[in-house]
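Participant: Take this structure first; my questions come after.
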Amino acid sequence: MSARPRPPAGRRPRALRRLATVPGGRRGKWLVLAAWLLIVMALGPLAGKLGEVEDSSANAFLPGNAESAQVNTELEKFRGQDEIIPAVAVYSRDDARTTRADAAKAGADRTALASLVPEGQKIAGPLPSDDGKALMLVVPLTTGSDDFTADLEKVRDVAAAGAPSGLDVAVGGPAGSLIDSIEVFGDLDTTLMLATGAVVTVLLLITYRSPVLWLFPALSVGFAAVLTQVATYLLAKYASLPVDPQSAGILMVLVFGVGTDYALLLIARYREELHRHEDRHEAMRLALRRSGPAVIASAGTIAIGLACLALADINSSRSLGLVGAVGVVCALLAMITVLPALLAVTGRWVFWPFVPRYGTEPRAARTVWARIGGLLERRPRWSWLMTVGVTAALALSATGLTMGLTNEEMYQDKPESVVAQEKLSAHYPSGSSDPATVVVRTAARDEVRQAASAVDGVESVRPEDRTADGRLTTLSVVLDDAPDSEAARKTVDRLRDAVHQVEDADALVGGTTAELLDTRRAAQSDLRTVIPVVLAVVLLVLIALLRSLVAPLLLLATVVLSFFGALGASHLIFTQLLDFPAMDNSLPLMGFVFLVALGIDYNIFLMTRVREETALHGHTKGVLSGLTSTGGVITSAGIVLAATFAVIATMPLVSMAQLGVLVGIGVLLDTLVVRTVLVPSLALDVGARVWWPSRLGQAPTTVDVRPAKEREPEKV
């Protein structure tokens with residue numbers, strides 16, 4: 001049997017050819033728009049239901065198999081329908097002992113708040129501190145009340161009203177922390193969507209300098225956003241896709257940023273084809289056919305890279321990765337269907353006042369990138385060595401990172417619950433407001449209590465509650481140190497060792513300190529697990545796309561170097577400008593996955609065009625022509641994506657702000673340094689061997705190696 005002939009170089013798959021004829025076709029464009037309108041009308045109402053499937057429980061942000069998460073699950077057996085969560089009011093003076101008037105105020109508040117306390121519970125206090133400078137009320141609230149948030153607000157209003165002069169009053173505890181965190185996420189989706197939409201609109205106006213053209217990518221991204229929310233809701237409801245408030249908020253930023261990037265790339269190629277073809281439908285079909293592989297490969301790389309986070313132990317990391325992958329796929333679908341259809345319907349006039357005329361050359365703005373290419377061609381090795389040196393110097397700034405934010409450090413502006421915790425830590429055993437929780441078999445309760453009491457760093461242990469069948473009991477363990485301190489985490493380790501040794505107790509240790517400890521350890525484990533998988537997946541995608549081994553390895557190395565450079569630059573900004581005391585535990589992994597996936601994005605745009613031009617003109621001219629052709633659009637795309645992630649940096653949560661800064665800096669570094677200087681200069685220095693082992697790696701440097709029927713006619 002004879003071997004099956006290979007398709008000619010540069011030939012696109014038939015499926016892609018057929019796809020390109022639909023949104024850009026004379027009839028197909030109307031079918032595409034009608035289909036999208038029907039989808040939005042039919043499924044649009046589901047987009048507003050995404051909040052119904054968001055999981056905002058503590059376990060949504062914990063490692064799935066952590067002991068602290070198991071404790072939270074076991075505690076459900078104690079609660080039934082309602083959960084008791086205490087609010088802690090602290091009355092303090094900084095430089096003096098509390099007075100009788102202060103005690104009378106706290107006593108009056110206890111009476112006034114009695115109506116909020118569920119049956120069978122009572123308010124503890126006022127409890128004086130050992131130094132005599134503070135009083136504490138512990139007010140149990142139930143989540144089964146008509147409005148738990150209103151109950152906490154009443155506690156805060158009553159405590160703040162009529163305080164004697166010089167008496168500081170703050171309400172926190174678990175109830176205060178819960179409500180403050182809910183308020184942070186409450187309007188997050190809407191705020192991020194509006195802010196991101198505004199940023200994208202402004203940047204599109206600046207990029208196109210057209211009063212009309214910006215509407216089409218913006219409208220297409222809007223379609224993508226609706227489809228994303230609908231798909232995420234349906235997958236969460238019927239396929240157990242994990243969704244939490246943080247991933248839902250970042251999802252819209254990712255869709256707007258990535259979707260706009262693909263729009264910029266497609267419109268730039270469409271503009272080029274309009275100069276060469278009089279028929280706009282033919283121009284759109286060619287634009288889709290020639291830019292489609294790069295866009296699809298880019299989206300596939302990002303989606304697969306994010307999906308690798310499914311291997312992470314921390315539930316919030318898994319959620320962000322899987323939800324983000326859904327968003328990227330939806331953005332891709334919108335950008336290669338509805339956007340081409342809209343542009344094909346309207347014609348050339350949407351580019352006004354810079355309308356691309358058939359038979360004319362594109363505007364001369366590309367000469368800037370031609371000059372940059374000329375500089376790189378003269379000294380390629382010096383160029384990439386200097387770039388590597390500068391990026392490596394930035395990366396050195398990442399040494400000595402302090403990891404792990406305490407509860408007090410989680411917010412850019414301190415909420416009242418954080419202020420209350422600081423007051424409690426100053427005057428009481430630091431763990432008194434938020435003790436560790438031990439769940440144990442009731443039969444072994446006394447033995448576990450004795451073992452826990454003997455642990456260094458434990459202030460007191462007392463029984464709290466028992467399940468209805470009496471099989472399980474909870475113990476409240478007050479630690480000497482603040483719940484989010486390093487000393488408290490070490491105490492939890494010792495506590496776990498002690499109670500686990502009690503036979504037949506099945507003791508589990510949870511609570512805030514245990515959750516922080518488990519999360520930090522899981523974050524370190526996730527780095528070792530996920531990062532090698534992401535690198536391997538991205539490398540395989542690049543090999544398949546570029547049909548080379550050398551180029552993918554070089555591209556992957558540049559993106560990894562860029563990540564460490566961005567991490568170092570971000571560390572400088574966090575410590576010198578923003579005064580963040582530490583990095584969030586999840587930031588290195590989240591930043592790495594986002595930056596490798598998004599950073600390789602621009603390298604794909606560049607190198608697929610370089611490969612196309614190399615097949616026409618040889619390696620050296622192909623590199624320079626690819627850089628010149630893609631320079632403007634990739635730079636615009638990078639600025640748009642960096643700006644959309646910068647929106648996250650304005651959020652009140654420090655962890656989200658840090659992610660926005662890191663990804664924004666990394667994208668700019670990839671766009672302006674790696675893709676502009678490092679990758680082209682490396683390609684020029686290595687020469688045609690960069691395409692080894694494909695035919696381009698052995699081709700002459702200046703000859704068109706494509707079959708004659710695949711070549712374009714010379715421009716006139």
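We name chains A, B, ... following the order of the structure tokens; residues begin at 1 in each chain, and ligands are numbered from 1 as shown.
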From a DSSP pass on the backbone, collect the residues of stretch 242-386 of chain A flagged as alpha helix (DSSP H) and hand them back as a PDB file with C-alpha atoms, in the first residue's frame.
Facilitator:
```
ATOM      1  CA  PRO A 245     -17.196  34.392  44.737  1.00  0.00           C
ATOM      2  CA  GLN A 246     -13.537  34.998  43.958  1.00  0.00           C
ATOM      3  CA  SER A 247     -13.436  32.809  40.841  1.00  0.00           C
ATOM      4  CA  ALA A 248     -16.765  34.235  39.630  1.00  0.00           C
ATOM      5  CA  GLY A 249     -15.379  37.771  39.915  1.00  0.00           C
ATOM      6  CA  ILE A 250     -12.062  37.073  38.183  1.00  0.00           C
ATOM      7  CA  LEU A 251     -13.937  35.134  35.481  1.00  0.00           C
ATOM      8  CA  MET A 252     -15.388  38.308  33.967  1.00  0.00           C
ATOM      9  CA  VAL A 253     -11.995  40.036  33.953  1.00  0.00           C
ATOM     10  CA  LEU A 254     -10.490  37.056  32.121  1.00  0.00           C
ATOM     11  CA  VAL A 255     -13.299  36.918  29.539  1.00  0.00           C
ATOM     12  CA  PHE A 256     -13.116  40.642  28.815  1.00  0.00           C
ATOM     13  CA  GLY A 257      -9.317  40.615  28.573  1.00  0.00           C
ATOM     14  CA  VAL A 258      -8.857  37.462  26.497  1.00  0.00           C
ATOM     15  CA  GLY A 259     -11.883  38.167  24.311  1.00  0.00           C
ATOM     16  CA  THR A 260     -10.650  41.657  23.492  1.00  0.00           C
ATOM     17  CA  ASP A 261      -7.201  40.275  22.660  1.00  0.00           C
ATOM     18  CA  TYR A 262      -8.678  37.871  20.112  1.00  0.00           C
ATOM     19  CA  ALA A 263     -10.812  40.657  18.676  1.00  0.00           C
ATOM     20  CA  LEU A 264      -7.754  42.870  18.196  1.00  0.00           C
ATOM     21  CA  LEU A 265      -5.874  40.086  16.427  1.00  0.00           C
ATOM     22  CA  LEU A 266      -8.762  39.211  14.119  1.00  0.00           C
ATOM     23  CA  ILE A 267      -9.577  42.831  13.244  1.00  0.00           C
ATOM     24  CA  ALA A 268      -5.907  43.564  12.493  1.00  0.00           C
ATOM     25  CA  ARG A 269      -5.738  40.634  10.073  1.00  0.00           C
ATOM     26  CA  TYR A 270      -9.094  41.594   8.547  1.00  0.00           C
ATOM     27  CA  ARG A 271      -7.795  45.116   7.939  1.00  0.00           C
ATOM     28  CA  GLU A 272      -4.750  43.683   6.135  1.00  0.00           C
ATOM     29  CA  GLU A 273      -6.929  41.520   3.905  1.00  0.00           C
ATOM     30  CA  LEU A 274      -9.215  44.460   3.054  1.00  0.00           C
ATOM     31  CA  HIS A 275      -6.181  46.165   1.490  1.00  0.00           C
ATOM     32  CA  ARG A 276      -5.656  43.088  -0.694  1.00  0.00           C
ATOM     33  CA  ARG A 280     -15.125  42.145   2.287  1.00  0.00           C
ATOM     34  CA  HIS A 281     -16.546  38.632   2.604  1.00  0.00           C
ATOM     35  CA  GLU A 282     -13.481  37.152   0.953  1.00  0.00           C
ATOM     36  CA  ALA A 283     -11.274  39.323   3.182  1.00  0.00           C
ATOM     37  CA  MET A 284     -13.035  38.053   6.302  1.00  0.00           C
ATOM     38  CA  ARG A 285     -12.815  34.428   5.196  1.00  0.00           C
ATOM     39  CA  LEU A 286      -9.074  34.778   4.649  1.00  0.00           C
ATOM     40  CA  ALA A 287      -8.611  36.646   7.925  1.00  0.00           C
ATOM     41  CA  LEU A 288     -10.358  33.858   9.808  1.00  0.00           C
ATOM     42  CA  ARG A 289      -8.467  31.167   7.918  1.00  0.00           C
ATOM     43  CA  ARG A 290      -5.059  32.725   8.556  1.00  0.00           C
ATOM     44  CA  SER A 291      -5.483  34.026  12.101  1.00  0.00           C
ATOM     45  CA  GLY A 292      -7.810  31.225  13.231  1.00  0.00           C
ATOM     46  CA  PRO A 293      -5.119  28.638  14.039  1.00  0.00           C
ATOM     47  CA  ALA A 294      -3.223  31.102  16.242  1.00  0.00           C
ATOM     48  CA  VAL A 295      -6.385  32.190  18.060  1.00  0.00           C
ATOM     49  CA  ILE A 296      -7.586  28.613  18.577  1.00  0.00           C
ATOM     50  CA  ALA A 297      -4.144  27.458  19.717  1.00  0.00           C
ATOM     51  CA  SER A 298      -3.919  30.401  22.098  1.00  0.00           C
ATOM     52  CA  ALA A 299      -7.335  29.740  23.614  1.00  0.00           C
ATOM     53  CA  GLY A 300      -6.596  26.031  23.828  1.00  0.00           C
ATOM     54  CA  THR A 301      -3.309  26.654  25.605  1.00  0.00           C
ATOM     55  CA  ILE A 302      -4.883  29.009  28.141  1.00  0.00           C
ATOM     56  CA  ALA A 303      -7.877  26.755  28.745  1.00  0.00           C
ATOM     57  CA  ILE A 304      -5.785  23.600  29.151  1.00  0.00           C
ATOM     58  CA  GLY A 305      -3.271  25.421  31.345  1.00  0.00           C
ATOM     59  CA  LEU A 306      -6.009  26.711  33.639  1.00  0.00           C
ATOM     60  CA  ALA A 307      -7.712  23.316  33.675  1.00  0.00           C
ATOM     61  CA  ASN A 315     -10.703  24.170  46.369  1.00  0.00           C
ATOM     62  CA  SER A 316     -10.535  27.872  45.438  1.00  0.00           C
ATOM     63  CA  SER A 317      -7.573  27.185  43.114  1.00  0.00           C
ATOM     64  CA  ARG A 318      -9.471  24.354  41.442  1.00  0.00           C
ATOM     65  CA  SER A 319     -12.499  26.606  41.065  1.00  0.00           C
ATOM     66  CA  LEU A 320     -10.532  29.463  39.512  1.00  0.00           C
ATOM     67  CA  GLY A 321      -8.810  27.158  37.041  1.00  0.00           C
ATOM     68  CA  LEU A 322     -11.894  25.282  35.867  1.00  0.00           C
ATOM     69  CA  VAL A 323     -14.159  28.328  35.758  1.00  0.00           C
ATOM     70  CA  GLY A 324     -11.459  30.281  33.920  1.00  0.00           C
ATOM     71  CA  ALA A 325     -11.151  27.519  31.310  1.00  0.00           C
ATOM     72  CA  VAL A 326     -14.903  27.718  30.671  1.00  0.00           C
ATOM     73  CA  GLY A 327     -14.639  31.484  30.224  1.00  0.00           C
ATOM     74  CA  VAL A 328     -11.771  31.256  27.724  1.00  0.00           C
ATOM     75  CA  VAL A 329     -13.624  28.712  25.581  1.00  0.00           C
ATOM     76  CA  CYS A 330     -16.760  30.884  25.560  1.00  0.00           C
ATOM     77  CA  ALA A 331     -14.701  33.955  24.641  1.00  0.00           C
ATOM     78  CA  LEU A 332     -13.137  32.031  21.752  1.00  0.00           C
ATOM     79  CA  LEU A 333     -16.528  30.916  20.426  1.00  0.00           C
ATOM     80  CA  ALA A 334     -17.850  34.475  20.436  1.00  0.00           C
ATOM     81  CA  MET A 335     -14.773  36.013  18.836  1.00  0.00           C
ATOM     82  CA  VAL A 338     -20.286  36.760  16.218  1.00  0.00           C
ATOM     83  CA  LEU A 339     -17.467  39.291  15.705  1.00  0.00           C
ATOM     84  CA  PRO A 340     -16.680  38.215  12.104  1.00  0.00           C
ATOM     85  CA  ALA A 341     -20.402  38.177  11.328  1.00  0.00           C
ATOM     86  CA  LEU A 342     -20.886  41.712  12.665  1.00  0.00           C
ATOM     87  CA  LEU A 343     -17.899  43.016  10.708  1.00  0.00           C
ATOM     88  CA  ALA A 344     -18.988  41.237   7.523  1.00  0.00           C
ATOM     89  CA  VAL A 345     -22.469  42.777   7.805  1.00  0.00           C
ATOM     90  CA  THR A 346     -21.244  46.340   8.190  1.00  0.00           C
ATOM     91  CA  THR A 367       7.767  51.203  10.409  1.00  0.00           C
ATOM     92  CA  VAL A 368       8.355  51.532  14.172  1.00  0.00           C
ATOM     93  CA  TRP A 369       8.423  47.757  14.449  1.00  0.00           C
ATOM     94  CA  ALA A 370      10.524  47.520  11.304  1.00  0.00           C
ATOM     95  CA  ARG A 371      13.129  49.761  12.961  1.00  0.00           C
ATOM     96  CA  ILE A 372      13.088  47.591  16.088  1.00  0.00           C
ATOM     97  CA  GLY A 373      13.571  44.521  13.912  1.00  0.00           C
ATOM     98  CA  GLY A 374      16.487  46.193  12.162  1.00  0.00           C
ATOM     99  CA  LEU A 375      18.194  46.879  15.491  1.00  0.00           C
ATOM    100  CA  LEU A 376      17.718  43.288  16.590  1.00  0.00           C
ATOM    101  CA  GLU A 377      19.027  41.954  13.273  1.00  0.00           C
ATOM    102  CA  ARG A 378      22.292  43.866  13.681  1.00  0.00           C
ATOM    103  CA  PRO A 380      20.747  39.647  18.034  1.00  0.00           C
ATOM    104  CA  ARG A 381      22.971  37.950  20.631  1.00  0.00           C
ATOM    105  CA  TRP A 382      23.682  41.159  22.499  1.00  0.00           C
ATOM    106  CA  SER A 383      19.946  41.941  22.453  1.00  0.00           C
ATOM    107  CA  TRP A 384      18.772  38.697  24.022  1.00  0.00           C
ATOM    108  CA  LEU A 385      21.644  38.569  26.524  1.00  0.00           C
ATOM    109  CA  MET A 386      20.836  42.079  27.755  1.00  0.00           C
TER     110      MET A 386
END
```
Participant: Excluding A:Lys154 and its own-chain neighbours fewer than 6 positions away, which residues fall within 10 Å of it when counting only C-alpha atoms? Please give them as a list of chain:residue names.
Facilitator: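 Once the nearby chain positions are removed, what remains is A:Ala112, A:Leu113, A:Leu116, A:Phe148, A:Ala160.
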Participant: Measuring between only C-alpha atoms, which one of A:Asp584, A:Ser548, A:Gly125, A:Thr360 shows the shortest distance to A:Ala104?
Facilitator: A:Gly125
Participant: With 10 Å as the cut-off and only C-alpha atoms counted, what is the closest atom pair between each nearby residue of stretch 144-253 of chain A and stretch 425-446 of chain A? Distances in Å to one decimal, ordered by chain and number, as JSON lines.
Facilitator:
```
{"residue": "A:Gly172", "atom": "CA", "partner": "A:Ser433", "partner_atom": "CA", "distance": 8.4}
{"residue": "A:Gly173", "atom": "CA", "partner": "A:Ser433", "partner_atom": "CA", "distance": 5.6}
{"residue": "A:Pro174", "atom": "CA", "partner": "A:Asp434", "partner_atom": "CA", "distance": 6.7}
```
Participant: Could you write out that same residue set with N, CA, C and O atoms as a short mmCIF file (atom, residue, chain, number, x, y, z; two decimals), in the first residue's frame?
Facilitator:
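Here's the written file again.cif:
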```cif
data_model
loop_
_atom_site.label_atom_id
_atom_site.label_comp_id
_atom_site.auth_asym_id
_atom_site.auth_seq_id
_atom_site.Cartn_x
_atom_site.Cartn_y
_atom_site.Cartn_z
N GLY A 172 -16.36 42.19 66.56
CA GLY A 172 -15.78 41.26 65.60
C GLY A 172 -16.16 39.84 65.93
O GLY A 172 -17.34 39.52 66.04
N GLY A 173 -15.14 38.99 66.13
CA GLY A 173 -15.41 37.59 66.36
C GLY A 173 -15.78 36.89 65.06
O GLY A 173 -15.79 37.50 63.98
N PRO A 174 -16.12 35.59 65.12
CA PRO A 174 -16.48 34.86 63.89
C PRO A 174 -17.63 35.48 63.12
O PRO A 174 -17.61 35.52 61.89
#
```
Participant: Could you pull the residues within 6 Å of stretch 605-612 of chain A, counting only C-alpha atoms, minus those fewer than 3 positions along the same chain, as a ChimeraX atom specification?
Facilitator: /A:294,602,615,622-623,626
Participant: Quick one: residues within 12 Å of stretch 448-455 of chain A, only C-alpha atoms counted, chain neighbours fewer than 6 positions away excluded, as a ChimeraX atom specification?
Facilitator: /A:436-442,461-464,473-480,488,490-509
Participant: Since we have the selection now, will you write its residues out, keeping N, CA and C atoms, as a tab-separated table (two decimals), in the first residue's frame?
Facilitator:
```tsv
chain	number	residue	atom	x	y	z
A	436	ALA	N	-9.65	27.27	68.68
A	436	ALA	CA	-9.63	26.07	67.85
A	436	ALA	C	-10.77	25.16	68.27
A	437	THR	N	-11.21	24.33	67.34
A	437	THR	CA	-12.32	23.41	67.61
A	437	THR	C	-11.84	21.98	67.43
A	438	VAL	N	-12.12	21.15	68.42
A	438	VAL	CA	-11.79	19.73	68.35
A	438	VAL	C	-13.09	18.94	68.34
A	439	VAL	N	-13.27	18.09	67.35
A	439	VAL	CA	-14.41	17.19	67.29
A	439	VAL	C	-13.93	15.81	67.70
A	440	VAL	N	-14.62	15.18	68.67
A	440	VAL	CA	-14.14	13.94	69.26
A	440	VAL	C	-15.32	13.05	69.61
A	441	ARG	N	-15.09	11.76	69.64
A	441	ARG	CA	-16.11	10.83	70.14
A	441	ARG	C	-16.38	11.13	71.61
A	442	THR	N	-17.64	11.20	71.97
A	442	THR	CA	-18.01	11.59	73.33
A	442	THR	C	-17.39	10.66	74.37
A	461	VAL	N	-9.29	24.63	77.83
A	461	VAL	CA	-10.10	23.71	77.02
A	461	VAL	C	-11.43	23.51	77.73
A	462	ARG	N	-12.53	23.63	76.99
A	462	ARG	CA	-13.83	23.40	77.61
A	462	ARG	C	-14.77	22.73	76.60
A	463	PRO	N	-15.65	21.83	77.10
A	463	PRO	CA	-16.65	21.23	76.19
A	463	PRO	C	-17.64	22.29	75.72
A	464	GLU	N	-18.10	22.13	74.47
A	464	GLU	CA	-19.01	23.12	73.90
A	464	GLU	C	-20.38	22.54	73.56
A	473	THR	N	-18.74	15.09	70.40
A	473	THR	CA	-18.66	16.28	71.24
A	473	THR	C	-17.62	17.23	70.66
A	474	THR	N	-17.87	18.52	70.79
A	474	THR	CA	-16.87	19.51	70.39
A	474	THR	C	-16.21	20.08	71.63
A	475	LEU	N	-14.92	20.34	71.51
A	475	LEU	CA	-14.15	21.00	72.56
A	475	LEU	C	-13.65	22.33	72.01
A	476	SER	N	-13.77	23.39	72.80
A	476	SER	CA	-13.27	24.71	72.43
A	476	SER	C	-11.91	24.90	73.08
A	477	VAL	N	-10.88	25.11	72.26
A	477	VAL	CA	-9.50	25.21	72.75
A	477	VAL	C	-8.99	26.63	72.50
A	478	VAL	N	-8.83	27.38	73.59
A	478	VAL	CA	-8.32	28.74	73.49
A	478	VAL	C	-6.80	28.70	73.48
A	479	LEU	N	-6.20	29.31	72.48
A	479	LEU	CA	-4.74	29.34	72.34
A	479	LEU	C	-4.17	30.60	72.97
A	480	ASP	N	-2.92	30.54	73.37
A	480	ASP	CA	-2.27	31.71	73.96
A	480	ASP	C	-2.02	32.80	72.93
A	488	ALA	N	0.68	30.28	66.89
A	488	ALA	CA	-0.58	29.53	67.00
A	488	ALA	C	-0.59	28.34	66.07
A	490	LYS	N	1.98	26.57	65.15
A	490	LYS	CA	2.81	25.53	65.77
A	490	LYS	C	2.06	24.86	66.91
A	491	THR	N	1.26	25.63	67.65
A	491	THR	CA	0.46	25.04	68.71
A	491	THR	C	-0.55	24.05	68.16
A	492	VAL	N	-1.16	24.39	67.01
A	492	VAL	CA	-2.12	23.47	66.39
A	492	VAL	C	-1.44	22.17	66.00
A	493	ASP	N	-0.21	22.25	65.47
A	493	ASP	CA	0.52	21.02	65.15
A	493	ASP	C	0.70	20.16	66.40
A	494	ARG	N	1.11	20.80	67.50
A	494	ARG	CA	1.30	20.04	68.74
A	494	ARG	C	-0.03	19.51	69.26
A	495	LEU	N	-1.09	20.31	69.12
A	495	LEU	CA	-2.41	19.88	69.57
A	495	LEU	C	-2.88	18.65	68.78
A	496	ARG	N	-2.68	18.68	67.47
A	496	ARG	CA	-3.07	17.54	66.64
A	496	ARG	C	-2.29	16.29	67.03
A	497	ASP	N	-1.00	16.44	67.25
A	497	ASP	CA	-0.19	15.28	67.64
A	497	ASP	C	-0.72	14.68	68.94
A	498	ALA	N	-1.09	15.55	69.86
A	498	ALA	CA	-1.54	15.08	71.18
A	498	ALA	C	-2.88	14.36	71.10
A	499	VAL	N	-3.86	14.95	70.45
A	499	VAL	CA	-5.20	14.36	70.45
A	499	VAL	C	-5.30	13.16	69.53
A	500	HIS	N	-4.46	13.10	68.48
A	500	HIS	CA	-4.47	11.94	67.59
A	500	HIS	C	-3.97	10.68	68.28
A	501	GLN	N	-3.20	10.86	69.35
A	501	GLN	CA	-2.65	9.72	70.06
A	501	GLN	C	-3.66	9.06	71.00
A	502	VAL	N	-4.78	9.73	71.25
A	502	VAL	CA	-5.81	9.15	72.12
A	502	VAL	C	-6.56	8.09	71.31
A	503	GLU	N	-6.51	6.85	71.79
A	503	GLU	CA	-7.10	5.75	71.06
A	503	GLU	C	-8.62	5.84	70.99
A	504	ASP	N	-9.16	5.47	69.85
A	504	ASP	CA	-10.61	5.40	69.61
A	504	ASP	C	-11.32	6.73	69.82
A	505	ALA	N	-10.57	7.83	69.74
A	505	ALA	CA	-11.19	9.16	69.91
A	505	ALA	C	-11.58	9.76	68.56
A	506	ASP	N	-10.87	9.36	67.48
A	506	ASP	CA	-11.10	9.94	66.15
A	506	ASP	C	-11.14	11.46	66.20
A	507	ALA	N	-10.21	12.03	66.96
A	507	ALA	CA	-10.21	13.48	67.17
A	507	ALA	C	-9.73	14.22	65.93
A	508	LEU	N	-10.40	15.32	65.62
A	508	LEU	CA	-10.05	16.20	64.50
A	508	LEU	C	-9.94	17.62	65.03
A	509	VAL	N	-8.92	18.36	64.57
A	509	VAL	CA	-8.70	19.73	65.02
A	509	VAL	C	-8.95	20.68	63.86
```
Participant: Just checking: using only C-alpha atoms, which residue out of A:Thr467, A:Asn407, A:Thr513, A:Asn585 ends up closest to A:Glu67?
Facilitator: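 Closest to A:Glu67 of all the choices is A:Thr513.
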Participant: Could you tell me, as a PyMOL selection string, which residues of stretch 138-224 of chain A DSSP assigns to strand (DSSP E or B) when given the backbone?
Facilitator: chain A and resi 138-142+168-172
Participant: Which value, in Å to one decimal, gives the distance between atom CA of A:Ala47 and atom CA of A:Phe223?
Facilitator: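 These two atoms are separated by 11.1 Å.
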